[in-house]
Each structure stands twice: as C-alpha cells, then as structure tokens.
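As structure tokens, the structure follows; a few thoughts come after it.
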Amino acid sequence: MKDILRELEGRRESAREGGGQKRIAAQHAKGKLTARERIDLLLDEGSFEEFDMFVAHRCTDFGMEKSRPYGDGVVTGWGTINGRMVYVFSQDFTVFGGSLSETHAQKICKIMDMAIQNGAPVIGLNDSGGARIQEGVASLAGYAEVFQRNIMASGVVPQISVIMGPCAGGAVYSPAMTDFIFMVKDSSYMFVTGPDVVKTVTNEVVTAEELGGASTHTRKSSVADGAFENDVEAMAEVRRLVDFLPLNNRDKAPVRPFFDEPGRVEESLDTLIPENANTPYDMKELILKVADEADFYEIQEDFAKNIITGFIRLEGQTVGVVANQPMVLAGCLDIDSSRKAARFVRFCDAFEIPLLTLVDVPGFLPGTGQEYGGVIKHGAKLLFAYGEATVPKVTVITRKAYGGAYDVMASKHLRGDFNYAWPTAEIAVMGAKGATEIIHRADLNDPEKIAQHAADYESRFANPFVAAERGFIDEVIQPRSTRKRVSRAFASLRNKKLKNPWKKHDNIPL
Amino acid sequence: MFKKILIANRGEIACRVIKSARKMGIQTVAVYSDADKHALHVQMADEAVHIGPPQANQSYIVIDKIMDAIRQTGAEAVHPGYGFLSENRLFAEALEAEGVAFIGPPASAIEAMGDKITSKKLAQEAGVSTVPGYMGLIEDAEEAVKISNQVGYPVMIKASAGGGGKGMRIAWNDAEAREGFQSSKNEAANSFGDDRIFIEKFVTQPRHIEIQVLGDKHGNVLYLNERECSIQRRNQKVVEEAPSPFLDEATRKAMGEQSVALAKAVDYCSAGTVEFIVDGDKNFYFLEMNTRLQVEHPVTELITGIDLVEQMIKVAWGDKLAMEQKDIGINGWAIENRLYAEDPYRGFLPSIGRLSRYRPPEEVVEQSHVVRNDTGVYEGGEISMYYDPMIAKLCTWAPTRGDAIEAMRDALDSFEVEGIGHNLPFLSAVMDHPKFVSGEMTTAFIEEEYPEGFQGVELPEPVLKKIAAACAAMHRVAEIRRTRVSGRMDNHERRVGTDWVVSVQGHDYPVVVRADHDGSTIQFEDSALRVTSDWTPGDQLAVVNVAGEEVVLKVGKISGGFRIRSRGADLKVHVRSPRQADLAKLMPEKLPPDTSKMLLCPMPGLVVKIDVEEGQEVQEGQALCTIEAMKMENILRAERKGVVSKINAGAGDSLAVDEVIMEFE
C-alpha cells in the first residue's frame with residue numbers, strides 16, 4: 001500500500017518538474033517564472049486544486065511518442081483569491097515551449113466548461129510558442145475549441161488573460177476574446193504574424209517588442225488593458241483586480257469592509273475647476289477623492305487618455321468609473337476614447353457593476369482623420385453601450401457637456417438614474433463662441449455685436465440650470481459633497497431592476 | 001489705535017499680518033491680483049480689493065493701485081510685508097503725502113539702507129565692520145571682470161536693489177563673472193526694475209547671522225538678538241534658527257550694539273534686520289540692512305515672546321516701545337524650515353500647480369514644545385508661477401536646540417503636501433544631518449553636503465527596522481480586510497499567514513507577525529518590536545508606535561506593499577509571504593530608460609532661447625538653452641562633450657517636465 005502511495009508522490013513529483021531543471025533555469029534566466037510558480041503567486045496559499053496532472057499527448061508523428069511528459073505543457077485547476085473561487089490555466093513554456101496540442105487544449109476546455117457551469121472567473125496565464133506543429137490540424141482544432149468556450153463564457157464569467165511570454169498566431173485570439181488582457185513588460189509579446197513573416201511579406205523590419213510588446217499593445221493598439229513590471233507584480237495586480245469583480249453574471253458586484261466615511265467632505269474639490277474654462281485640470285483627482293480610500297484600478301491607462309476608465313469602490317462596493325480627462329485633447333470624445341469607454345461600459349453592464357460617469361466633454365474631435373476612421377460608428381458604440389446598460393447609472397457633470405457628446409455621456413435621456421451637475425457645469429449645444437457664430441451669422445462682421453451675443457449666450461446657457469429646469473439634471477450639487485451624494489445615489493439603487501426587451505442579441509455598431 | 005489697515009502683500013505674510021491685526025481689534029484690507037482671487041489672505045481679511053493682473057509689476061508693486069485701494073477702503077495705515085513695496089521709498093513717500101501711516105521705517109531710512117552701496121558707506125561711518133568690495137556701479141561685463149580681478153576671486157555679484165537671493169551670483173573666474181553679471185542684471189531688471197549691479201569679496205566659510213532690531217519714533221532702538229540663517233541655497237534661506245548655536249554672549253552683544261548704532265544713525269524705527277557674515281573666528285562683517293519685517297521673524301518671536309507685527313503697528317501709531325534692552329531675553333530655541341515648491345530631486349527646480357493635498361501638522365503651544373505654521377495656501381489652492389515658491393514656514397520651539405530639532409522632525413513627518421514637487425524630504429534630511437545637528441554649518445552647507453544635488457536619504461538600519469515592523473503590521477491589517485470580501489467560499493476562506501518578508505532599501509527582513517487584541521509583536525530574526533497603531537487601510541498618514549516610540553509615516557500604495565515617506569526617505573516597502581519573496585528574488589532588476597543622450601526639461605517652463613544648432617559640437621558645461629520658470633532664468637548646460645543631433649523645442653515653447661528638448665549623437 002505504502003509503495004502505491006509513494007508511486008503517486010513520485011508521479012506527482014515528475015509532473016511538477018515540468019520540462020526539467022535545465023529548462024526551468026532557462027525560464028528563470030529570461031526573468032520569467034514557471035507555470036506553477038505563477039499559480040502559487042496568483043492563488044491563495046495552498047488553495048490550488050489541480051486537474052489533469054497526468055494528461056499526456058497522444059501524438060505519434062515525428063518521434064513525439066518518445067517524449068510524453070505529464071501535464072502536456074499546461075497546468076490547470078481551480079483555487080481561491082481571497083477566498084473566492086477562480087479557475088486558472090497556466091501554460092508551461094518548459095514543456096514543448098508551452099505549445100498547444102489537442103490534449104493541452106482539452107485541459108483548458110475542461111476548466112472553462114466548469115467555470116461557466118459553476119460561475120467563477122477564468123484566468124489564463126499565457127506563455128506558449130503557439131500550435132504544436134507536429135499535431136497539425138488537431139492543434140488548430142484545439143484552438144478553436146478554446147475560442148468557442150471563450151465566446152460562450154463571455155458575459156457569463158469574467159475572463160482575464162495575462163500574457164507572460166510569447167503569444168503568436170492563432171493563439172492570440174483566445175486572449176482577444178477575454179475581458180481583460182494584461183502583459184508583462186519586456187518578457188511578453190503578442191502578434192498575429194511575427195517579425196520574420198512581416199519582413200518576408202512587407203519588407204518591414206521590426207523587432208518582436210516593437211511589433212507586439214507591452215508598450216505597443218497598451219499605448220498603440222489598445223489590445224492590452226495594462227502592463228506590469230514583472231511576473232510577481234502581474235500576479236499581485238490580477239489578484240487586486242479580481243477583488244473588484246463579481247464571480248459571474250448572476251452575482252452582484254462584490255462588497256468588502258471599508259475604512260472611509262461615505263459622507264467625507266472634500267473642500268478642495270470646490271476649487272478643482274479652474275477660473276478659465278479652457279484651462280485643463282486632472283479629473284483623476286476627482287476620482288481619487290470620491291473613491292473609498294483613494295483606491296482606483298485603472299483599465300487602459302496608457303491608451304486614449306482623453307477618457308479614463310477603471311474601478312473604484314463606494315461604501316465597499318465596486319463601481320465602474322468612466323470620466324473625460326480635460327488634461328488630454330480637452331477631454332473630447334474621439335474614435336479611440338469611444339471604443340475604450342464603450343467596451344468598459346459593456347463589461348460593467350454584463351457583470352452588474354454600477355457605473356459612475358464624470359463628464360467634462362467639449363464634444364467630438366473634428367477632422368478628416370476622425371470621419372474617415374468612422375467616428376460616427378465608433379462614437380455610436382459608446383452611446384449604444386450607455387443606452388442599453390441596465391445597471392445603476394450615476395452621472396456628474398463637472399464642467400462642459402456640449403452637443404452630442406452630452407447625450408452620449410450617460411445623460412438622463414439614456415436612462416441615467418441620477419444626473420448631477422456641479423454649479424460650474426455648462427450644458428449646451430456648443431460653446432458660446434461657436435453657437436453665436438451660427439445663430440447670429442448676420443453679425444459675423446461686427447466683432448462688438450458678436451462679443452455681446454456670445455456674452456448673452458454664455459449667461460443664458462453656460463450653467464446647469466437650463467438643463468435643471470427641464471429635469472435633465474436631477475440636482476445641482478456642491479463639488480465638495482460629491483462623494484456623499486454619489487454614495488447615497490448608489491445606495492438608493494441597490495435594488496434597481498430594469499430589463500431590456502427580449503432579443504436574441506443586440507446589433508451594436510461593431 | 002488704527003481702526004483699519006491695508007496689507008500690501010499676499011501669501012503667508014499677508015495672513016500673518018492679518019492675524020496680529022485681528023488680535024489687536026484692527027480691521028484688515030487685503031489686495032489681490034487675478035491669480036489670487038481665491039487666496040487665503042483674501043478669505044481672511046475683512047475686505048479685499050482687486051488690483052490687477054497676476055504679474056506683480058502690474059499689481060502688487062504698482063503704487064497707484066495700492067493707493068487707490070487705500071482710498072477706496074479708508075485704510076489708515078499700510079503694512080507692506082516683505083518683498084514687493086516693503087522697501088520702496090517712493091511708496092513710503094506716497095503714503096506720507098496722503099497722510100496714511102506706513103507700518104515700517106521712515107522713507108529716508110529705506111532709501112539709505114535700500115541701496116547696498118550707500119548702506120555700506122553708512123555702516124562704515126557708524127562704526128560697523130564691513131566686507132571689502134567695489135562700491136561703485138558697474139557698466140558692463142568687461143568692467144565686471146576687471147573689478148572682480150581687483151577685488152580677487154571669488155566675488156559676489158549682486159543687484160543693488162536685490163534681496164531674497166534674486167539677482168545674486170558668485171563668480172570664481174572671468175567667464176563666470178561675465179555671465180553672472182549678465183544674468184544678475186537681467187534678473188534684477190525683471191524682478192526689481194533696477195538693474196544696477198555691484199561686486200564684493202565673497203567671504204568663504206561664512207555663516208549668515210543677522211540681528212533683529214526694533215525701534216520706535218521716540219529714538220529708542222533695541223536688538224532682539226540674532227537669527228542664524230546659514231542654511232541657504234543659491235543665497236536663498238532655507239532653514240533659520242534663533243539663537244545661533246555659534247555666537248557667544250560677547251559677540252552677540254557687539255553685533256547687537258553695532259546694529260543699534262546703525263539703526264540710530266538713520267533714525268530707524270519699526271522692525272529691521274541687520275545682516276552679517278560671520279567667519280570661523282567670530283569676526284563679523286556687515287552685509288546689508290533690511291528695512292522691513294523679515295521672512296524668518298517667527299523664530300525671534302518664539303524666543304523673545306514679542307509679536308513683531310504687533311510692535312510694528314504700535315510703533316507706526318506712535319507708541320513708545322514698552323520694553324527696554326534688559327527685558328529682551330532668549331527663551332529656549334526656535335527653528336524655522338521654509339517649505340518651498342521646489343523639487344529637491346530635480347536640482348530644486350520650481351514646481352507649480354494645484355495642491356491636491358495640503359495638511360500641515362497641528363499647531364501646538366505647550367510647555368514642552370511649540371509648532372507654528374505660517375502659510376498662505378490651502379488644500380485645493382494653487383501654487384502659481386507668478387510669485388515666490390514658498391508654501392509655508394514651519395517653526396518649532398522647545399527649551400533646547402535638540403528638542404526643537406526633534407519637534408521639527410516630527411512636524412515635517414506629518415506635513416502632507418501632494419500635487420507639486422516640494423522640499424519636505426530635503427528639510428527632513430537637513431534636520432538629521434550631523435553638521436546641522438552639531439550646529440557646525442556655514443552658508444556653503446548645501447553646496448558642500450549635497451554637491452550632486454539631493455538624492456534622497458538612506459535611513460540607518462534601526463530606523464528601517466522600525467519602518468519594516470510598522471509595514472508588516474499594516475500589511476497584515478490590509479490583507480485580513482481583503483479576505484473579508486463578499487462571495488467567498490464558505491469554510492474555505494483564506495487564512496492570512498503570520499510569516500512575512502519585508503523588503504526595504506535592499507534589506508530583506510523575515511518576520512513573524514503575532515497579533516493580539518491591542519497591537520502586534522513583530523518578531524525579527526534577532527529581536528522583537530511591539531507595534532500599535534490606529535491605522536486603517538487607505539489612511540495616508542500612519543502614526544505608529546514602534547517599541548514605545550512614535551513613528552509618523554506617509555503611506556502610499558504600490559503593488560505588493562507601501563510607498564513610505566519619513567525622515568526625508570522615500571521608500572518602496574514590499575511585504576511578501578516567504579514564497580512570494582523567494583520568487584521575487586528571481587525577477588530581473590530593470591534599469592530606467594537611458595536618457596543620457598537627451599536633454600530633458602527639468603521643470604515646467606518657457607523656452608527663452610536655444611543656444612545651439614543641430615549638428616553642432618558642444619563642450620562640457622556649454623550653455624544649451626535657457627528655460628524661464630517662476631521668473632528665474634535657468635541655463636541648461638551640456639553634461640559632457642557631444643554633438644547635437646536633434647532639437648525638439650524652440651524659443652517661446654511651453655514645456656512640461658521631462659519633455660525632450662534636444663537629443664545628442
């Protein structure tokens with residue numbers, strides 16, 4: 001009997017070895033941790049339960065039958081993050097370069113099926129050279145099986161991908177369909193075709209880092225939602241994100257004890273809006289001063305910085321924040337910011353996370369670049385996302401809310417629950433100058449008259465009261481009491497129930 | 001007594017004057033520029049009058065505008081504060097002509113002392129010892145070089161109307177004399193509208209010690225002992241104290257009596273300051289007399305118990321001084337630290353912007369110690385580019401110098417300022433510097449002790465351990481809270497462990513955290529520290545009792561730990577489980593990106609001119625471009641020989657911090 005138990009331990013030992021000490025050392029030399037080390041950091045100590053430890057591939061071509069290591073290049077299972085269940089797969093680069101075989105894919109599919117059934121997030125730690133070429137189409141089939149499950153899981157359980165090594169070719173499409181992609185700086189890259197193919201086809205010479213490194217995907221392509229310094233930090237920050245997220249779409253946003261007075265008054269917010277309407281200010285200060293304990297988890301921090309998206313907590317409960325950032329492009333909406341915010345709003349709506357929208361928007365960015373790029377349809381995405389969202393929606397207009405952009409930014413008309421404005425708010429079709437030049441076109445050649453008209457327009461419309469008169473603004477609030485007002489608003493919406501008409505699915509302008 | 005006075009100033013000094021006036025039952029009138037519409041002094045005053053655009057030369061130093069404000073409000077007297085019109089004879093005369101009292105000395109005394117050349121002559125005549133130098137005015141850079149050679153290097157090039165470090169340069173050779181002359185002249189013209197320049201011998205190893213004098217209109221002049229202001233940067237005072245740790249009773253008396261003699265020679269009344277350079281043998285030389293209330297006057301107030309502003313107002317009203325020289329004592333020790341909006345990590349370059357957080361330490365008056373903070377700002381206020389970058393004057397008093405320093409260290413630790421760069425960490429570093437602690441400093445202290453600029457503080461091991469213990473306890477609290485999130489799996493909750501590794505400043509401390517009902521014991525390998533604190537996650541200031549001693553930490557968030565600021569150090573503290581710590585050791589050390597081939601803009605400012613062209617070869621030390629910020633012209637120089645490959649900015653461009661100005665091959 002003891003021998004049998006000992007044999008189990010022996011087999012486990014062999015499975016845990018992965019690709020062997022030499023390859024583990026090579027992995028470490030690249031500044032990367034092994035698949036199991038990463039899981040150790042991701043999950044609560046001792047909470048990992050592994051599946052399919054002894055699975056091995058069935059390939060017999062190209063001499064593959066001679067090497068059939070346990071686990072087949074991916075470690076899968078479940079565990080807890082601060083006591084909450086998550087499913088995880090972690091590709092093992094030390095075994096066949098983490099390449100995806102039929103069995104490797106089956107392991108991933110197994111935990112994804114369980115995650116959907118049992119209502120827990122899936123976290124994928126990607127570190128794979130790509131398809132297991134020796135298996136040919138079986139490997140491709142494996143990818144597609146995973147893709148299909150990504151699609152089925154979407155909107156059911158949160159899916160988080162962390163790119164911790166190579167992720168190329170078809171492999172990129174699994175992370176691409178998850179809710180969040182994070183990368184590790186300097187040791188991860190993602191692309192559909194690598195630098196060699198690029199050179200052959202287009203003669204373009206580009207490094208892997210330039211083509212698909214963390215900087216490229218967080219700043220230029222917006223494929224990634226964030227990047228971290230190293231594996232240790234990445235795992236700690238994914239844990240932090242999971243603390244914000246519900247486990248599935250049937251759950252409410254999580255709540256945890258908090259140490260911050262919901263009625264906290266921030267006098268300094270009274271001076272946040274500069275004297276001059278064209279002077280920028282940092283909207284992040286407002287977010288941090290409204291949030292519990294100034295804790296903000298920003299999503300896509302380095303992309304389309306004219307809009308800010310991320311998670312905070314109010315009275316301990318997760319709230320998604322979307323805010324125009326006047327520091328960048330005056331906080332205007334454009335293709336990139338609309339796409340960024342739309343995707344974030346839809347995530348929050350899918351997972352019952354209430355939405356706080358902070359508005360200071362001078363309008364949509366004009367120009368051929370925007371129109372040719374299809375700003376009409378991209379801007380519509382954000383409009384659509386806000387309009388279809390049924391979660392509690394609280395909006396605060398701090399300064400400008402001009403034109404169509406006013407409508408888009410979670411206005412009352414898009415079923416906003418609480419639409420507040422600061423006394424500094426200006427809710428109008430456009431700025432005074434532009435409006436006067438249209439209304440009083442006849443006086444265009446008379447600067448004095450135009451100035452007078454502009455002043456008239458400003459005194460009539462450059463305030464929140466015209467909108468408040470119509471009930472488009474529920475209340476004009478003191479900046480200093482924003483946290484209190486917003487917290488109370490969300491508290492009153494805890495039992496909100498709103499349903500959209502039955503449909504197979506909507507047809508958002510993709 | 002006056003019923004209403006106007007304060008022709010802004011910032012902390014306007015607030016300071018308002019406080020004393022209010023105490024005396026006098027109404028106050030503030031004046032303000034566009035930039036100061038919401039300033040604290042405007043909020044504090046009973047009335048406020050708008051006097052124009054932000055630039056001081058279009059508002060605060062326009063005599064007519066102040067006169068209008070006086071007429072408008074019916075103020076009977078004017079306190080000028082320091083700077084601006086405080087030492088402007090024409091202003092004093094304009095007031096006199098309208099029958100408004102000037103809370104300061106007579107115009108004749110201002111005139112006599114306001115000009116450094118005249119004042120030196122007068123001082124010599126009054127029997128005050130003076131520094132050798134050239135008393136005439138200097139025409140051009142070539143003459144400056146000639147005279148500098150005659151006086152002998154090093155020389156000090158000074159604006160005749162200068163003060164507060166502006167328009168002053170030290171030159172060690174001909175090239176520096178030429179350049180120093182030009183920049184002093186420019187600065188003087190911009191700041192004072194008077195570009196006259198003179199040159200004197202620069203006394204090496206000097207201490208800056210000054211005597212506070214106070215006179216009335218009845219011929220009485222007293223000296224209120226000295227202030228030591230040797231801790232200066234570019235001739236701008238940073239730390240002051242009273243008394244001086246250097247003077248003996250005889251020197252103090254001699255300096256005091258000479259100062260009184262000088263004041264009497266010009267029929268001085270009100271508060272004034274006679275500045276001296278004192279060498280290592282306690283020889284002292286007259287430097288200049290400031291005919292106004294000095295920035296650092298609070299330290300004198302703290303050791304003498306005399307409210308100088310109150311005395312100035314009484315003297316202006318015509319009262320006789322109520323005390324005599326024998327009544328003036330020295331009670332305890334007072335230290336002032338000037339909190340500047342200057343980034344010590346970037347060569348003390350000015351920083352402007354919004355104070356997103358401003359929480360000064362609590363002001364206390366106790367037998368054991370006093371904490372006083374003179375300020376003109378508030379949280380949510382703005383540090384503007386138009387005025388002096390001083391945010392606050394933090395003063396402490398205690399019966400002994402050592403206790404006053406300790407009180408200052410604690411006060412600095414709990415002073416929270418965010419949103420702009422500031423010199424708090426540097427001040428903390430000075431308070432812990434052995435040379436300062438021993439009192440053996442000269443005016444070259446900062447230059448000598450921080451020749452490469454300020455790089456932060458390395459804390460000694462025992463202090464680090466205390467911080468590590470505090471962080472271990474705080475981390476445990478934060479982690480336990482994280483496990484209380486909703487949606488966890490019943491009966492399978494995460495149990496927060498007791499074993500941790502705290503990494504800070506290159507040390508890894510394995511600890512065992514044993515918590516009980518009122519705190520925790522942090523077991524290190526060789527010792528144990530008891531930690532108690534009310535800290536809860538999110539608090540940005542932690543008051544932690546470690547082994548019976550209170551440690552005040554500014555707590556910020558970083559991944560897997562805390563950013564801790566205390567005693568001038570800015571630390572990343574990671575608290576990890578033993579497993580996490582082992583794996584963290586495998587992570588590569590990442591070097592910051594190489595910016596050595598670039599010239600980065602060190603502060604937000606305006607490009608005045610670019611001195612080089614693309615393709616040009618530059619020598620080490622060669623001027624590359626000039627950036628104007630906070631009214632100061634800053635010349636950026638080549639750190640080494642090289643060729644300019646690309647220039648990204650031009651004259652007139654407004655640049656942010658770290659913007660690339662030019663690149664090198």
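The chains in the structure tokens are called A, B, ... from first to last as shown; in each chain the residues are counted from 1, and the ligands are counted from 1 in the order shown.
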
From the DSSP assignment of the backbone, select every residue of region 421-494 of chain A that is alpha helix (DSSP H), and format the answer as a VMD selection string.
-> chain A and resid 432 to 439 447 to 461 465 to 469 482 to 492

Define the interface residues of chain B facing chain A as those within 7 Å, counting only C-alpha atoms, and report them as a list in words.
-> Glu379, Gly380, Arg481, Arg482, Thr483, Arg484, Val485, Ser486, Gly487, Arg488, Met489, His492, Glu493, Arg494, Thr536, Pro537, Gly538, Ser559, Gly560, Gln580, Ala584, Leu586, Met587 and Pro588 of chain B

Find the residues near Lys496 (chain A): any atom within 10 Å, counting only C-alpha atoms, skip ones fewer than 4 places away on the same chain, and give them as a list in words.
->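 Returned residues: Thr390, Val391, Pro392, Asp417, Phe490 and Ser492 of chain A.
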
Would you save the residues from that selection as a compact mmCIF listing (two decimals), in the first residue's frame, using all heavy atoms?
```
# COMPACT_ATOMS: atom_id res chain seq x y z
N THR A 390 -28.27 48.48 -18.04
CA THR A 390 -29.38 48.48 -17.07
C THR A 390 -28.89 48.58 -15.63
O THR A 390 -29.68 48.56 -14.71
CB THR A 390 -30.23 47.20 -17.23
OG1 THR A 390 -29.36 46.07 -17.08
CG2 THR A 390 -30.90 47.16 -18.59
N VAL A 391 -27.57 48.65 -15.45
CA VAL A 391 -27.03 48.76 -14.09
C VAL A 391 -27.29 50.17 -13.57
O VAL A 391 -27.59 51.08 -14.35
CB VAL A 391 -25.50 48.49 -14.08
CG1 VAL A 391 -25.23 47.03 -14.38
CG2 VAL A 391 -24.76 49.39 -15.06
N PRO A 392 -27.17 50.38 -12.26
CA PRO A 392 -27.31 51.73 -11.72
C PRO A 392 -26.33 52.68 -12.40
O PRO A 392 -25.16 52.35 -12.57
CB PRO A 392 -26.97 51.55 -10.23
CG PRO A 392 -27.33 50.13 -9.93
CD PRO A 392 -27.00 49.38 -11.18
N ASP A 417 -29.85 57.24 -13.90
CA ASP A 417 -30.67 57.21 -12.68
C ASP A 417 -30.54 58.51 -11.90
O ASP A 417 -31.52 59.07 -11.44
CB ASP A 417 -30.25 56.03 -11.81
CG ASP A 417 -30.56 54.71 -12.48
OD1 ASP A 417 -31.74 54.46 -12.76
OD2 ASP A 417 -29.61 53.94 -12.75
N PHE A 490 -25.99 55.71 -5.23
CA PHE A 490 -25.81 54.28 -5.50
C PHE A 490 -26.48 53.43 -4.42
O PHE A 490 -27.03 52.36 -4.70
CB PHE A 490 -24.32 53.92 -5.62
CG PHE A 490 -23.73 54.27 -6.96
CD1 PHE A 490 -22.72 55.21 -7.08
CD2 PHE A 490 -24.21 53.66 -8.12
CE1 PHE A 490 -22.19 55.53 -8.32
CE2 PHE A 490 -23.67 53.97 -9.36
CZ PHE A 490 -22.66 54.91 -9.47
N SER A 492 -29.18 54.07 -2.94
CA SER A 492 -30.61 54.03 -3.21
C SER A 492 -30.95 53.13 -4.40
O SER A 492 -32.10 52.81 -4.63
CB SER A 492 -31.14 55.45 -3.47
OG SER A 492 -30.82 55.85 -4.79
```

Close residues, Ala175 (chain B) itself excluded, 12 Å, only C-alpha atoms, min 2 positions apart in chain, as a list of chain:residue names | B:Ala141, B:Glu142, B:Ala144, B:Val145, B:Lys146, B:Ser148, B:Asn149, B:Tyr153, B:Ile170, B:Ala171, B:Trp172, B:Asn173, B:Ala177, B:Arg178, B:Glu179, B:Gly180, B:Phe181, B:Gln182, B:Gly621, B:Gln622

Which of region 253-437 of chain A counts as strand (DSSP E) under DSSP, as JSON, numbers by chain please?
-> {"A": [297, 298, 299, 307, 308, 309, 310, 311, 312, 313, 314, 317, 318, 319, 320, 321, 322, 323, 324, 355, 356, 357, 358, 359, 360, 361, 393, 394, 395, 396, 397, 398, 399, 400, 401, 402, 418, 419, 420, 421, 426, 427, 428]}
